[in-house]
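Visitor: Provided below: start.cif, containing mmCIF, C-alpha atoms.
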```
data_upload
#
loop_
_atom_site.group_PDB
_atom_site.id
_atom_site.type_symbol
_atom_site.label_atom_id
_atom_site.label_comp_id
_atom_site.auth_asym_id
_atom_site.auth_seq_id
_atom_site.Cartn_x
_atom_site.Cartn_y
_atom_site.Cartn_z
ATOM 1 C CA GLN A 1 94.571 98.428 78.385
ATOM 2 C CA LYS A 2 94.549 98.776 82.152
ATOM 3 C CA GLU A 3 97.439 100.952 83.255
ATOM 4 C CA VAL A 4 99.033 102.259 86.383
ATOM 5 C CA GLU A 5 101.232 105.295 85.803
ATOM 6 C CA GLN A 6 104.072 106.558 87.958
ATOM 7 C CA ASN A 7 106.768 109.143 87.431
ATOM 8 C CA SER A 8 110.047 107.212 87.192
ATOM 9 C CA GLY A 9 112.004 109.864 89.097
ATOM 10 C CA PRO A 10 114.406 109.974 90.716
ATOM 11 C CA LEU A 11 112.642 111.978 93.385
ATOM 12 C CA SER A 12 115.354 113.506 95.533
ATOM 13 C CA VAL A 13 114.521 114.823 99.019
ATOM 14 C CA PRO A 14 116.721 115.826 101.965
ATOM 15 C CA GLU A 15 116.763 113.722 105.102
ATOM 16 C CA GLY A 16 113.884 114.641 107.405
ATOM 17 C CA ALA A 17 111.656 115.961 104.623
ATOM 18 C CA ILE A 18 108.341 114.578 103.428
ATOM 19 C CA ALA A 19 108.562 112.477 100.280
ATOM 20 C CA SER A 20 105.423 112.432 98.137
ATOM 21 C CA LEU A 21 104.991 109.623 95.630
ATOM 22 C CA ASN A 22 102.093 109.640 93.196
ATOM 23 C CA CYS A 23 100.272 107.146 91.021
ATOM 24 C CA THR A 24 97.312 107.307 88.635
ATOM 25 C CA TYR A 25 95.308 104.428 87.269
ATOM 26 C CA SER A 26 93.027 103.934 84.297
ATOM 27 C CA ASP A 27 90.720 101.113 85.435
ATOM 28 C CA ARG A 28 87.717 102.545 87.285
ATOM 29 C CA GLY A 29 86.926 99.000 88.389
ATOM 30 C CA SER A 30 90.040 98.944 90.561
ATOM 31 C CA GLN A 31 89.102 99.067 94.228
ATOM 32 C CA SER A 32 92.252 98.168 96.125
ATOM 33 C CA PHE A 33 95.718 99.652 95.908
ATOM 34 C CA PHE A 34 99.075 98.669 97.222
ATOM 35 C CA TRP A 35 102.495 100.244 97.673
ATOM 36 C CA TYR A 36 105.564 98.067 97.451
ATOM 37 C CA ARG A 37 109.146 99.073 98.189
ATOM 38 C CA GLN A 38 111.995 97.542 96.212
ATOM 39 C CA TYR A 39 115.595 98.059 97.240
ATOM 40 C CA SER A 40 118.206 97.732 94.521
ATOM 41 C CA GLY A 41 118.926 94.072 93.842
ATOM 42 C CA LYS A 42 116.064 92.923 96.064
ATOM 43 C CA SER A 43 112.488 91.842 95.503
ATOM 44 C CA PRO A 44 109.444 94.034 96.197
ATOM 45 C CA GLU A 45 107.946 94.065 99.684
ATOM 46 C CA LEU A 46 104.490 95.283 100.621
ATOM 47 C CA ILE A 47 104.464 98.387 102.799
ATOM 48 C CA MET A 48 100.927 99.774 102.549
ATOM 49 C CA SER A 49 97.510 98.822 101.252
ATOM 50 C CA ILE A 50 94.460 101.070 100.893
ATOM 51 C CA TYR A 51 90.927 100.094 99.986
ATOM 52 C CA SER A 52 88.725 103.138 100.563
ATOM 53 C CA ASN A 53 88.839 106.847 99.804
ATOM 54 C CA GLY A 54 90.818 108.977 102.204
ATOM 55 C CA ASP A 55 93.999 108.529 104.171
ATOM 56 C CA LYS A 56 95.523 105.536 105.885
ATOM 57 C CA GLU A 57 98.445 106.022 108.219
ATOM 58 C CA ASP A 58 101.021 103.501 109.377
ATOM 59 C CA GLY A 59 103.975 104.955 111.252
ATOM 60 C CA ARG A 60 105.829 107.368 108.972
ATOM 61 C CA PHE A 61 103.809 106.251 105.948
ATOM 62 C CA THR A 62 100.445 107.632 104.798
ATOM 63 C CA ALA A 63 98.610 106.276 101.796
ATOM 64 C CA GLN A 64 95.952 108.418 100.149
ATOM 65 C CA LEU A 65 93.268 107.294 97.715
ATOM 66 C CA ASN A 66 90.947 109.424 95.607
ATOM 67 C CA LYS A 67 88.794 107.153 93.447
ATOM 68 C CA ALA A 68 87.010 110.032 91.709
ATOM 69 C CA SER A 69 90.349 111.339 90.433
ATOM 70 C CA GLN A 70 91.814 107.815 90.052
ATOM 71 C CA TYR A 71 94.781 108.907 92.089
ATOM 72 C CA VAL A 72 96.842 107.181 94.781
ATOM 73 C CA SER A 73 99.722 108.632 96.728
ATOM 74 C CA LEU A 74 102.215 107.644 99.385
ATOM 75 C CA LEU A 75 103.676 110.154 101.811
ATOM 76 C CA ILE A 76 106.795 109.330 103.773
ATOM 77 C CA ARG A 77 107.377 111.651 106.716
ATOM 78 C CA ASP A 78 110.798 112.269 108.246
ATOM 79 C CA SER A 79 112.470 110.588 105.266
ATOM 80 C CA GLN A 80 115.603 108.605 106.046
ATOM 81 C CA PRO A 81 118.445 107.529 103.741
ATOM 82 C CA SER A 82 117.235 103.956 104.352
ATOM 83 C CA ASP A 83 113.997 104.897 102.560
ATOM 84 C CA SER A 84 115.963 105.272 99.314
ATOM 85 C CA ALA A 85 114.434 102.643 97.029
ATOM 86 C CA THR A 86 112.016 102.222 94.151
ATOM 87 C CA TYR A 87 108.366 102.435 95.154
ATOM 88 C CA LEU A 88 105.878 100.438 93.106
ATOM 89 C CA CYS A 89 102.200 101.276 92.994
ATOM 90 C CA GLY A 90 99.819 98.417 92.252
ATOM 91 C CA GLY A 91 96.084 98.342 91.592
ATOM 92 C CA LEU A 92 93.905 95.248 91.870
ATOM 93 C CA ASP A 93 91.712 95.098 88.798
ATOM 94 C CA SER A 94 88.173 93.756 88.636
ATOM 95 C CA SER A 95 89.464 90.219 88.020
ATOM 96 C CA TYR A 96 91.757 90.456 91.060
ATOM 97 C CA LYS A 97 94.961 90.752 89.062
ATOM 98 C CA LEU A 98 97.553 93.127 90.484
ATOM 99 C CA ILE A 99 98.711 95.630 87.867
ATOM 100 C CA PHE A 100 101.912 97.499 88.703
ATOM 101 C CA GLY A 101 103.302 100.832 87.630
ATOM 102 C CA SER A 102 106.920 101.057 86.564
ATOM 103 C CA GLY A 103 107.933 102.528 89.919
ATOM 104 C CA THR A 104 109.352 105.782 91.254
ATOM 105 C CA ARG A 105 112.921 105.872 92.444
ATOM 106 C CA LEU A 106 113.313 107.808 95.697
ATOM 107 C CA LEU A 107 116.650 109.180 96.829
ATOM 108 C CA VAL A 108 116.923 110.594 100.355
ATOM 109 C CA ARG A 109 120.025 112.774 100.718
ATOM 110 C CA PRO A 110 121.764 112.744 104.139
ATOM 111 C CA GLU B 1 113.055 86.048 104.710
ATOM 112 C CA THR B 2 109.596 86.339 103.161
ATOM 113 C CA GLY B 3 108.612 82.680 103.302
ATOM 114 C CA VAL B 4 108.961 82.356 99.530
ATOM 115 C CA THR B 5 112.130 80.682 98.269
ATOM 116 C CA GLN B 6 113.318 80.681 94.675
ATOM 117 C CA THR B 7 116.076 78.628 93.076
ATOM 118 C CA PRO B 8 118.365 79.123 91.343
ATOM 119 C CA ARG B 9 119.118 82.752 92.131
ATOM 120 C CA HIS B 10 121.154 83.124 88.942
ATOM 121 C CA LEU B 11 120.913 81.179 85.703
ATOM 122 C CA VAL B 12 122.799 81.522 82.425
ATOM 123 C CA MET B 13 121.543 79.481 79.517
ATOM 124 C CA GLY B 14 121.941 79.185 75.799
ATOM 125 C CA MET B 15 119.019 79.507 73.442
ATOM 126 C CA THR B 16 118.831 75.752 72.903
ATOM 127 C CA ASN B 17 118.937 74.752 76.579
ATOM 128 C CA LYS B 18 116.092 73.557 78.768
ATOM 129 C CA LYS B 19 116.060 74.677 82.376
ATOM 130 C CA SER B 20 113.552 75.165 85.182
ATOM 131 C CA LEU B 21 112.999 77.751 87.883
ATOM 132 C CA LYS B 22 111.614 76.578 91.204
ATOM 133 C CA CYS B 23 109.570 78.377 93.814
ATOM 134 C CA GLU B 24 108.404 77.176 97.223
ATOM 135 C CA GLN B 25 106.233 79.009 99.734
ATOM 136 C CA HIS B 26 105.817 78.262 103.439
ATOM 137 C CA LEU B 27 103.026 80.743 104.159
ATOM 138 C CA GLY B 28 99.975 78.543 103.687
ATOM 139 C CA HIS B 29 98.844 80.631 100.718
ATOM 140 C CA ASN B 30 96.688 79.202 97.952
ATOM 141 C CA ALA B 31 97.702 81.438 95.061
ATOM 142 C CA MET B 32 101.092 81.614 93.371
ATOM 143 C CA TYR B 33 102.385 83.874 90.622
ATOM 144 C CA TRP B 34 105.214 84.313 88.163
ATOM 145 C CA TYR B 35 106.188 87.882 87.318
ATOM 146 C CA LYS B 36 108.856 89.098 84.904
ATOM 147 C CA GLN B 37 110.835 92.227 85.743
ATOM 148 C CA SER B 38 112.879 93.881 82.995
ATOM 149 C CA ALA B 39 114.787 97.137 83.265
ATOM 150 C CA LYS B 40 112.647 100.288 82.970
ATOM 151 C CA LYS B 41 109.432 98.282 82.554
ATOM 152 C CA PRO B 42 106.604 97.522 84.984
ATOM 153 C CA LEU B 43 106.408 94.132 86.602
ATOM 154 C CA GLU B 44 104.687 91.886 84.078
ATOM 155 C CA LEU B 45 102.290 89.236 85.342
ATOM 156 C CA MET B 46 102.963 85.971 83.515
ATOM 157 C CA PHE B 47 100.989 83.233 85.236
ATOM 158 C CA VAL B 48 98.625 82.854 88.173
ATOM 159 C CA TYR B 49 97.723 79.627 89.902
ATOM 160 C CA SER B 50 94.882 79.598 92.390
ATOM 161 C CA LEU B 51 94.208 76.404 94.317
ATOM 162 C CA GLU B 52 96.617 74.672 91.913
ATOM 163 C CA GLU B 53 94.602 75.635 88.833
ATOM 164 C CA ARG B 54 96.023 78.022 86.282
ATOM 165 C CA VAL B 55 93.695 81.007 86.188
ATOM 166 C CA GLU B 56 95.812 83.379 84.162
ATOM 167 C CA ASN B 57 98.129 83.024 81.230
ATOM 168 C CA ASN B 58 98.951 86.540 80.241
ATOM 169 C CA SER B 59 99.777 85.985 76.542
ATOM 170 C CA VAL B 60 103.102 84.466 77.475
ATOM 171 C CA PRO B 61 105.046 82.670 74.703
ATOM 172 C CA SER B 62 104.886 78.891 74.830
ATOM 173 C CA ARG B 63 108.632 78.681 75.461
ATOM 174 C CA PHE B 64 107.642 79.427 79.077
ATOM 175 C CA SER B 65 105.718 76.555 80.645
ATOM 176 C CA PRO B 66 104.462 76.736 84.236
ATOM 177 C CA GLU B 67 103.729 73.824 86.541
ATOM 178 C CA CYS B 68 102.040 73.854 89.932
ATOM 179 C CA PRO B 69 102.051 70.347 91.454
ATOM 180 C CA ASN B 70 100.626 71.554 94.792
ATOM 181 C CA SER B 71 99.806 74.798 96.567
ATOM 182 C CA SER B 72 103.344 75.157 97.955
ATOM 183 C CA HIS B 73 105.388 74.631 94.805
ATOM 184 C CA LEU B 74 105.573 76.393 91.472
ATOM 185 C CA PHE B 75 107.898 75.799 88.550
ATOM 186 C CA LEU B 76 108.666 77.697 85.378
ATOM 187 C CA HIS B 77 110.073 75.466 82.659
ATOM 188 C CA LEU B 78 112.176 77.257 80.080
ATOM 189 C CA HIS B 79 113.098 76.078 76.591
ATOM 190 C CA THR B 80 114.341 77.666 73.387
ATOM 191 C CA LEU B 81 114.525 81.095 75.009
ATOM 192 C CA GLN B 82 115.568 84.296 73.285
ATOM 193 C CA PRO B 83 118.074 86.892 74.515
ATOM 194 C CA GLU B 84 115.179 89.331 75.149
ATOM 195 C CA ASP B 85 113.879 86.874 77.762
ATOM 196 C CA SER B 86 116.796 87.836 79.976
ATOM 197 C CA ALA B 87 115.229 89.366 83.083
ATOM 198 C CA LEU B 88 114.522 88.874 86.765
ATOM 199 C CA TYR B 89 111.782 86.284 87.283
ATOM 200 C CA LEU B 90 109.891 86.750 90.501
ATOM 201 C CA CYS B 91 107.665 84.237 92.193
ATOM 202 C CA ALA B 92 105.035 85.427 94.632
ATOM 203 C CA SER B 93 102.240 83.990 96.734
ATOM 204 C CA SER B 94 99.082 85.352 98.326
ATOM 205 C CA ARG B 95 95.751 84.379 99.791
ATOM 206 C CA THR B 96 93.125 83.647 97.180
ATOM 207 C CA SER B 97 90.231 85.711 98.389
ATOM 208 C CA GLY B 98 89.268 89.277 97.491
ATOM 209 C CA SER B 99 91.707 92.062 98.208
ATOM 210 C CA GLY B 100 94.114 89.595 99.788
ATOM 211 C CA THR B 101 95.233 88.765 96.293
ATOM 212 C CA GLY B 102 96.962 92.150 96.173
ATOM 213 C CA GLU B 103 99.093 91.391 99.213
ATOM 214 C CA LEU B 104 101.886 89.504 97.536
ATOM 215 C CA PHE B 105 104.907 87.975 99.183
ATOM 216 C CA PHE B 106 107.768 87.796 96.724
ATOM 217 C CA GLY B 107 110.735 85.502 96.554
ATOM 218 C CA GLU B 108 114.209 86.939 95.971
ATOM 219 C CA GLY B 109 113.967 86.258 92.257
ATOM 220 C CA SER B 110 115.872 84.262 89.682
ATOM 221 C CA ARG B 111 118.139 86.379 87.462
ATOM 222 C CA LEU B 112 118.082 84.797 84.013
ATOM 223 C CA THR B 113 120.589 85.549 81.271
ATOM 224 C CA VAL B 114 120.037 84.043 77.822
ATOM 225 C CA LEU B 115 123.089 84.012 75.581
#
```
Would you mind giving the structure from this file in structure tokens?

Guide:
Amino acid sequence: QKEVEQNSGPLSVPEGAIASLNCTYSDRGSQSFFWYRQYSGKSPELIMSIYSNGDKEDGRFTAQLNKASQYVSLLIRDSQPSDSATYLCGGLDSSYKLIFGSGTRLLVRP
Amino acid sequence: ETGVTQTPRHLVMGMTNKKSLKCEQHLGHNAMYWYKQSAKKPLELMFVYSLEERVENNSVPSRFSPECPNSSHLFLHLHTLQPEDSALYLCASSRTSGSGTGELFFGEGSRLTVL
């Protein structure tokens, strides 16, 4: 059973802090990973993708991938209340199906 | 506006009814998906259509029947549903090739309640 695991949270951080969201996956054949943000009552939207080991930065967001440890993370710098949402980690398996974790709820306190 | 439109946004049906969910994408993508989202559970992939052919049927009960008449439209036909089928049904689209299949564009979802 291919799985993507996330802590459900909520992860609570003060405004301006760095929020660190983590994800582990079981399928060593997974090569590509994706972070989606889902606001309450809305559908998921893609915010970051990462395909190789290391860091990938996009504005306040940094995705990190460590394939040896089967670990993916998302860092949000200078967190804002508008970042409060559920963050879904997804891994593309060897048959190109996107497997999602159950999501981590982030709460940024003003 | 993601370029993926779902109707209806809300649907209440009895267990003996037949209804359909509709999805339309204006992004020029060749793959379309149905996902089910229930509370406290991961998004569950139900069906995948690539170039109008069904390439995935993820052990979904036969009371859910998908239809993809062309690369822009996707339907989910519902009949004899159970109360545990109540959930948010999300349609998504993507390119068909390689890692592009992980970059999904979701519709706003159809909230289904089965009485």

Visitor: Chain A residues within 9 Å of chain B, counting all atoms listed in the file: which ones, as a PDB file with C-alpha atoms, in the frame of the given file?

Guide:
```
ATOM      1  CA  SER A   8     110.047 107.212  87.192  1.00  0.00           C
ATOM      2  CA  GLN A  31      89.102  99.067  94.228  1.00  0.00           C
ATOM      3  CA  SER A  32      92.252  98.168  96.125  1.00  0.00           C
ATOM      4  CA  PHE A  33      95.718  99.652  95.908  1.00  0.00           C
ATOM      5  CA  PHE A  34      99.075  98.669  97.222  1.00  0.00           C
ATOM      6  CA  GLY A  41     118.926  94.072  93.842  1.00  0.00           C
ATOM      7  CA  LYS A  42     116.064  92.923  96.064  1.00  0.00           C
ATOM      8  CA  SER A  43     112.488  91.842  95.503  1.00  0.00           C
ATOM      9  CA  PRO A  44     109.444  94.034  96.197  1.00  0.00           C
ATOM     10  CA  GLU A  45     107.946  94.065  99.684  1.00  0.00           C
ATOM     11  CA  LEU A  46     104.490  95.283 100.621  1.00  0.00           C
ATOM     12  CA  SER A  49      97.510  98.822 101.252  1.00  0.00           C
ATOM     13  CA  TYR A  51      90.927 100.094  99.986  1.00  0.00           C
ATOM     14  CA  LEU A  88     105.878 100.438  93.106  1.00  0.00           C
ATOM     15  CA  GLY A  90      99.819  98.417  92.252  1.00  0.00           C
ATOM     16  CA  GLY A  91      96.084  98.342  91.592  1.00  0.00           C
ATOM     17  CA  LEU A  92      93.905  95.248  91.870  1.00  0.00           C
ATOM     18  CA  TYR A  96      91.757  90.456  91.060  1.00  0.00           C
ATOM     19  CA  LYS A  97      94.961  90.752  89.062  1.00  0.00           C
ATOM     20  CA  LEU A  98      97.553  93.127  90.484  1.00  0.00           C
ATOM     21  CA  ILE A  99      98.711  95.630  87.867  1.00  0.00           C
ATOM     22  CA  PHE A 100     101.912  97.499  88.703  1.00  0.00           C
ATOM     23  CA  GLY A 101     103.302 100.832  87.630  1.00  0.00           C
ATOM     24  CA  SER A 102     106.920 101.057  86.564  1.00  0.00           C
ATOM     25  CA  GLY A 103     107.933 102.528  89.919  1.00  0.00           C
TER      26      GLY A 103
END
```

Visitor: Name the residues captured by the PyMOL selection byres ((chain A and resi 72) around 7) when it is applied to the shown file; answer as a PDB file with C-alpha atoms, in the coordinates of the input.

Guide:
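Result file selection_6.pdb:
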```pdb
ATOM      1  CA  ASN A  22     102.093 109.640  93.196  1.00  0.00           C
ATOM      2  CA  CYS A  23     100.272 107.146  91.021  1.00  0.00           C
ATOM      3  CA  THR A  24      97.312 107.307  88.635  1.00  0.00           C
ATOM      4  CA  GLN A  64      95.952 108.418 100.149  1.00  0.00           C
ATOM      5  CA  LEU A  65      93.268 107.294  97.715  1.00  0.00           C
ATOM      6  CA  ASN A  66      90.947 109.424  95.607  1.00  0.00           C
ATOM      7  CA  GLN A  70      91.814 107.815  90.052  1.00  0.00           C
ATOM      8  CA  TYR A  71      94.781 108.907  92.089  1.00  0.00           C
ATOM      9  CA  SER A  73      99.722 108.632  96.728  1.00  0.00           C
TER      10      SER A  73
END
```

Visitor: How would you write, as a CSV table (one decimal) with C-alpha atoms, in the coordinates of the input, the residues chosen by the PyMOL selection byres ((chain A and resi 76-79) around 6) on this structure?

Guide:
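Here's the written file out_6.csv:
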```
chain,number,residue,atom,x,y,z
A,15,GLU,CA,116.8,113.7,105.1
A,16,GLY,CA,113.9,114.6,107.4
A,17,ALA,CA,111.7,116.0,104.6
A,18,ILE,CA,108.3,114.6,103.4
A,19,ALA,CA,108.6,112.5,100.3
A,60,ARG,CA,105.8,107.4,109.0
A,61,PHE,CA,103.8,106.3,105.9
A,75,LEU,CA,103.7,110.2,101.8
A,80,GLN,CA,115.6,108.6,106.0
```

Visitor: Care to translate the PyMOL selection byres ((chain B and resi 21) around 10) into actual residues of this file, as a PyMOL selection string?

Guide: chain B and resi 6-11+19-20+22-23+66+74-78+89-91+109-110+112

Visitor: Using only the atoms of segment 90-97 of chain A listed in the file, plus 4 Å on each side, state the axis-aligned box centre and edge lengths in Å rounded to one decimal, as AutoDock Vina command-line options.

Guide:
```
--center_x 94.0 --center_y 94.3 --center_z 90.1 --size_x 19.6 --size_y 16.2 --size_z 12.2
```

Visitor: Which value, in Å to one decimal, gives the distance between atom CA of Thr62 of chain A and atom CA of Asn7 of chain A?

Guide: 18.5 Å

Visitor: Find the residue from B:Thr113, B:Val55, B:Tyr33, B:Glu24 that sits nearest to Ser95 of chain A; use all atoms listed in the file when measuring.

Guide: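 Closest residue, counting all atoms listed in the file: B:Val55.
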
Visitor: Using Å and a single decimal, report how far atom CA of Gln25 of chain B sits from atom CA of Glu1 of chain B.

Guide: 11.0 Å

Visitor: Would you mind writing segment 99-110 of chain B with all heavy atoms, as a PDB file, in the coordinates of the input?

Guide:
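Done, and the output landed in part_1.pdb:
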```pdb
ATOM      1  N   SER B  99      90.578  91.128  98.267  1.00  0.00           N
ATOM      2  CA  SER B  99      91.707  92.062  98.208  1.00  0.00           C
ATOM      3  C   SER B  99      92.990  91.433  98.712  1.00  0.00           C
ATOM      4  O   SER B  99      94.073  91.981  98.494  1.00  0.00           O
ATOM      5  CB  SER B  99      91.390  93.318  99.015  1.00  0.00           C
ATOM      6  OG  SER B  99      91.096  92.977 100.356  1.00  0.00           O
ATOM      7  N   GLY B 100      92.888  90.275  99.357  1.00  0.00           N
ATOM      8  CA  GLY B 100      94.114  89.595  99.788  1.00  0.00           C
ATOM      9  C   GLY B 100      94.998  89.212  98.631  1.00  0.00           C
ATOM     10  O   GLY B 100      96.203  89.030  98.802  1.00  0.00           O
ATOM     11  N   THR B 101      94.425  89.128  97.450  1.00  0.00           N
ATOM     12  CA  THR B 101      95.233  88.765  96.293  1.00  0.00           C
ATOM     13  C   THR B 101      96.162  89.888  95.876  1.00  0.00           C
ATOM     14  O   THR B 101      97.001  89.705  95.020  1.00  0.00           O
ATOM     15  CB  THR B 101      94.347  88.364  95.102  1.00  0.00           C
ATOM     16  OG1 THR B 101      93.455  89.440  94.819  1.00  0.00           O
ATOM     17  CG2 THR B 101      93.555  87.117  95.409  1.00  0.00           C
ATOM     18  N   GLY B 102      96.024  91.076  96.457  1.00  0.00           N
ATOM     19  CA  GLY B 102      96.962  92.150  96.173  1.00  0.00           C
ATOM     20  C   GLY B 102      98.122  92.186  97.138  1.00  0.00           C
ATOM     21  O   GLY B 102      99.079  92.915  96.928  1.00  0.00           O
ATOM     22  N   GLU B 103      98.031  91.406  98.205  1.00  0.00           N
ATOM     23  CA  GLU B 103      99.093  91.391  99.213  1.00  0.00           C
ATOM     24  C   GLU B 103     100.022  90.229  98.898  1.00  0.00           C
ATOM     25  O   GLU B 103      99.864  89.120  99.405  1.00  0.00           O
ATOM     26  CB  GLU B 103      98.465  91.282 100.601  1.00  0.00           C
ATOM     27  CG  GLU B 103      97.591  92.491 100.926  1.00  0.00           C
ATOM     28  CD  GLU B 103      96.906  92.386 102.273  1.00  0.00           C
ATOM     29  OE1 GLU B 103      97.097  91.359 102.963  1.00  0.00           O
ATOM     30  OE2 GLU B 103      96.181  93.332 102.640  1.00  0.00           O
ATOM     31  N   LEU B 104     100.976  90.526  98.041  1.00  0.00           N
ATOM     32  CA  LEU B 104     101.886  89.504  97.536  1.00  0.00           C
ATOM     33  C   LEU B 104     103.138  89.428  98.380  1.00  0.00           C
ATOM     34  O   LEU B 104     103.661  90.443  98.841  1.00  0.00           O
ATOM     35  CB  LEU B 104     102.292  89.808  96.091  1.00  0.00           C
ATOM     36  CG  LEU B 104     101.181  89.950  95.063  1.00  0.00           C
ATOM     37  CD1 LEU B 104     101.772  90.217  93.690  1.00  0.00           C
ATOM     38  CD2 LEU B 104     100.299  88.716  95.032  1.00  0.00           C
ATOM     39  N   PHE B 105     103.616  88.213  98.543  1.00  0.00           N
ATOM     40  CA  PHE B 105     104.907  87.975  99.183  1.00  0.00           C
ATOM     41  C   PHE B 105     105.821  87.412  98.094  1.00  0.00           C
ATOM     42  O   PHE B 105     105.543  86.356  97.533  1.00  0.00           O
ATOM     43  CB  PHE B 105     104.760  86.990 100.337  1.00  0.00           C
ATOM     44  CG  PHE B 105     104.033  87.562 101.520  1.00  0.00           C
ATOM     45  CD1 PHE B 105     102.658  87.709 101.494  1.00  0.00           C
ATOM     46  CD2 PHE B 105     104.723  87.979 102.645  1.00  0.00           C
ATOM     47  CE1 PHE B 105     101.975  88.256 102.564  1.00  0.00           C
ATOM     48  CE2 PHE B 105     104.053  88.521 103.732  1.00  0.00           C
ATOM     49  CZ  PHE B 105     102.680  88.659 103.696  1.00  0.00           C
ATOM     50  N   PHE B 106     106.875  88.155  97.809  1.00  0.00           N
ATOM     51  CA  PHE B 106     107.768  87.796  96.724  1.00  0.00           C
ATOM     52  C   PHE B 106     108.963  86.998  97.217  1.00  0.00           C
ATOM     53  O   PHE B 106     109.480  87.223  98.318  1.00  0.00           O
ATOM     54  CB  PHE B 106     108.306  89.057  96.030  1.00  0.00           C
ATOM     55  CG  PHE B 106     107.300  89.742  95.138  1.00  0.00           C
ATOM     56  CD1 PHE B 106     106.475  90.740  95.640  1.00  0.00           C
ATOM     57  CD2 PHE B 106     107.199  89.394  93.794  1.00  0.00           C
ATOM     58  CE1 PHE B 106     105.557  91.380  94.818  1.00  0.00           C
ATOM     59  CE2 PHE B 106     106.286  90.029  92.974  1.00  0.00           C
ATOM     60  CZ  PHE B 106     105.459  91.018  93.487  1.00  0.00           C
ATOM     61  N   GLY B 107     109.431  86.103  96.354  1.00  0.00           N
ATOM     62  CA  GLY B 107     110.735  85.502  96.554  1.00  0.00           C
ATOM     63  C   GLY B 107     111.823  86.465  96.119  1.00  0.00           C
ATOM     64  O   GLY B 107     111.539  87.576  95.638  1.00  0.00           O
ATOM     65  N   GLU B 108     113.075  86.068  96.294  1.00  0.00           N
ATOM     66  CA  GLU B 108     114.209  86.939  95.971  1.00  0.00           C
ATOM     67  C   GLU B 108     114.469  87.033  94.473  1.00  0.00           C
ATOM     68  O   GLU B 108     115.244  87.861  94.032  1.00  0.00           O
ATOM     69  CB  GLU B 108     115.467  86.456  96.690  1.00  0.00           C
ATOM     70  CG  GLU B 108     115.449  86.658  98.200  1.00  0.00           C
ATOM     71  CD  GLU B 108     115.365  88.131  98.579  1.00  0.00           C
ATOM     72  OE1 GLU B 108     116.023  88.964  97.918  1.00  0.00           O
ATOM     73  OE2 GLU B 108     114.636  88.446  99.537  1.00  0.00           O
ATOM     74  N   GLY B 109     113.825  86.165  93.698  1.00  0.00           N
ATOM     75  CA  GLY B 109     113.967  86.258  92.257  1.00  0.00           C
ATOM     76  C   GLY B 109     115.048  85.350  91.696  1.00  0.00           C
ATOM     77  O   GLY B 109     115.988  84.966  92.385  1.00  0.00           O
ATOM     78  N   SER B 110     114.870  85.011  90.443  1.00  0.00           N
ATOM     79  CA  SER B 110     115.872  84.262  89.682  1.00  0.00           C
ATOM     80  C   SER B 110     116.320  85.144  88.523  1.00  0.00           C
ATOM     81  O   SER B 110     115.502  85.507  87.660  1.00  0.00           O
ATOM     82  CB  SER B 110     115.292  82.961  89.137  1.00  0.00           C
ATOM     83  OG  SER B 110     114.963  82.066  90.173  1.00  0.00           O
TER      84      SER B 110
END
```
